[in-house]
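K.L.:
Have a look at this one.
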Amino acid sequence: MSLTSRTMGDVSVVNVDVDRIDAAIAIQFKEDMRAATQDGAPRVILDLSKVDFIDSSGLGAIVAIRKQLGEERQLDLAGLTSTVKKVFQLTRMDTVFKIYPDAETAVSAAAA
Amino acid sequence: MTATGRILEFDFAATDVATRRALAGLTHRLPELEIGPDMGGCIEIVLAEALNNVVEHAYAARPGGKIRVRLRRTRSHLVVTIRDTGRPFPGKRLPPFVELDLSGSLDSLPEGGFGWSLIRDLTGAVRYRHISGVNVLYLRMDLDPANAPCRKTMFG
């Protein structure tokens, strides 16, 4: 399992515990995410602060997870490291997701 | 992996696991080419996309393939050469550039097709040749902070 998650009320924070989300683990990551979000929390925050690198397969997996959650649920991202942030900016995926500096900020933004 | 002067050269099996390992190892060796972590991240992005493409398309479903990578540092550029003996690109030409459309509904968001756009965003020149059964991909990246597309991305 590449993930650990905790749910507080309507918000679930999923921590990614691997340093790379790439072609070698993208499918496993998607499956782990499906399992981690099964509780149905309306808002999921994906904490990427331990991830140094993501490639297009990893990015595709996050988009696929976003779609799986559907319009009724929300997927926000937190803690993007510099190369991961660059990939989101270059592909303009930073316009599709709400991105927070860290999970704590993302959680309090939900409470507001 | 060997480093001769300002050249790094290495080869590995054409699998996604070996590619992951080679790229993770390379990031520790870029200081030998006097390349810092910021630029190093962009080089890793470009290499990952080019190498994934070789594994998934050139060697698709063909075991035993090898990939050879050479990085040459000049004063202002990094020249990357990737060689493999898999299938050539269709028509022996680089695929056309496709602009991704993110404007539609959630369901229509693209889950792929980012690879070549990332490569083209971050490289000054991309050349491809198929010579005597070998695919040769040249990628030239500007390292000059004033010109490098890598440096122009915003950090917020």
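Here's how to read the names in the structure tokens: chain A, B, ... by the order shown, residue numbers from 1 in each chain, ligand numbers from 1 in the order shown.
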Please report, as JSON lines, each residue of chain B lying at most 6 Å from chain A, together with the nearest pair of atoms and the separation in Å rounded to one decimal; use only C-alpha atoms, and order rows by chain and ascending residue number.

P.N.:
{"residue": "B:Asp16", "atom": "CA", "partner": "A:Ala24", "partner_atom": "CA", "distance": 4.9}
{"residue": "B:Val17", "atom": "CA", "partner": "A:Ala24", "partner_atom": "CA", "distance": 5.2}
{"residue": "B:Gly41", "atom": "CA", "partner": "A:Thr83", "partner_atom": "CA", "distance": 5.3}
{"residue": "B:Glu111", "atom": "CA", "partner": "A:Gly60", "partner_atom": "CA", "distance": 4.1}
{"residue": "B:Gly112", "atom": "CA", "partner": "A:Gly60", "partner_atom": "CA", "distance": 5.5}
{"residue": "B:Phe114", "atom": "CA", "partner": "A:Ser56", "partner_atom": "CA", "distance": 5.7}
{"residue": "B:Gly115", "atom": "CA", "partner": "A:Ser56", "partner_atom": "CA", "distance": 5.8}

K.L.:
Pick out each residue of region 7-153 of chain B that DSSP on the backbone tags as strand (DSSP E); I need them as a ChimeraX atom specification.

P.N.:
/B:7-13,66-73,77-84,125-131,134-142

K.L.:
For Gly40 (chain A), which residue among A:Asp76, A:Glu104, A:Asp94, A:Asp10 is the nearest when counting only C-alpha atoms?

P.N.:
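Looking at the shortest contact to Gly40 (chain A), the residue is A:Asp10.
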
K.L.:
To one decimal place in Å, what is the distance between CA of Val136 (chain B) and CA of Lys66 (chain B)?

P.N.:
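So the answer is 12.9 Å.
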
K.L.:
For CA of Asn52 (chain B) and CA of Ile67 (chain B), quote the distance in Å rounded to one decimal.

P.N.:
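Interatomic distance here is 10.7 Å.
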
K.L.:
With distances taken over only C-alpha atoms, which residue among A:Ser2, A:Asn15, A:Thr81, A:Ser108 lies nearest Gln28 (chain A)?

P.N.:
A:Ser2

K.L.:
Using only C-alpha atoms, which residue out of B:Ala14, B:Leu137, B:Ala125, B:Val98 lies closest to Pro149 (chain B)?

P.N.:
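The closest residue to Pro149 (chain B) is B:Ala125.
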
K.L.:
Determine which residues of chain A DSSP labels as helix (DSSP H, G or I) from the backbone of this structure, then write them out as a PyMOL selection string.

P.N.:
chain A and resi 26-36+56-69+82-90+93-95+103-111

K.L.:
Kindly assemble as a Markdown table a list of the region 5-52 of chain B residues that lie within 12 Å of region 75-89 of chain B, each paired with its nearest atom pair and their distance in Å to one decimal, using only C-alpha atoms, sorted first by chain and then by ascending residue number.

P.N.:
| residue | atom | partner | partner_atom | distance |
| --- | --- | --- | --- | --- |
| B:Arg6 | CA | B:Leu78 | CA | 9.9 |
| B:Ile7 | CA | B:Val79 | CA | 9.5 |
| B:Leu8 | CA | B:Val80 | CA | 9.6 |
| B:Glu9 | CA | B:Thr81 | CA | 9.4 |
| B:Phe10 | CA | B:Ile82 | CA | 10.0 |
| B:Asp11 | CA | B:Arg83 | CA | 9.3 |
| B:Phe12 | CA | B:Asp84 | CA | 10.4 |
| B:Ala13 | CA | B:Asp84 | CA | 10.2 |
| B:Ala14 | CA | B:Asp84 | CA | 8.7 |
| B:Leu30 | CA | B:Leu78 | CA | 10.8 |
| B:Leu33 | CA | B:Leu78 | CA | 9.0 |
| B:Glu34 | CA | B:Arg75 | CA | 10.1 |
| B:Ile35 | CA | B:Leu78 | CA | 9.3 |
| B:Met39 | CA | B:Leu78 | CA | 10.4 |
| B:Gly40 | CA | B:Leu78 | CA | 10.7 |
| B:Cys42 | CA | B:Leu78 | CA | 11.4 |
| B:Ile43 | CA | B:Leu78 | CA | 8.9 |
| B:Glu44 | CA | B:Val80 | CA | 11.3 |
| B:Val46 | CA | B:Val80 | CA | 9.7 |
| B:Leu47 | CA | B:Val80 | CA | 8.4 |
| B:Ala48 | CA | B:Ile82 | CA | 11.4 |
| B:Glu49 | CA | B:Ile82 | CA | 11.7 |
| B:Ala50 | CA | B:Ile82 | CA | 8.2 |
| B:Leu51 | CA | B:Ile82 | CA | 8.0 |
| B:Asn52 | CA | B:Ile82 | CA | 11.7 |

K.L.:
Counting only C-alpha atoms, figure out which residue out of A:Ala106, A:Leu69, A:Val51, A:Leu80 gets nearest to Asp107 (chain B).

P.N.:
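Nearest to Asp107 (chain B): A:Leu69.
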
K.L.:
For CA of Arg140 (chain B) and CA of Arg127 (chain B), quote the distance in Å rounded to one decimal.

P.N.:
8.8 Å

K.L.:
Using only C-alpha atoms for the distances, tell me which of A:Met33, A:Val107, A:Gln38, A:Ile45 is nearest to Leu77 (chain A).

P.N.:
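Comparing A:Met33, A:Val107, A:Gln38, A:Ile45 against Leu77 (chain A), the winner is A:Ile45.
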
K.L.:
Smallest atom-to-atom distance to Gly9 (chain A): which of A:Arg43, A:Lys50, A:Lys98, A:Arg73, using only C-alpha atoms?

P.N.:
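For Gly9 (chain A), the nearest of the given residues is A:Arg43.
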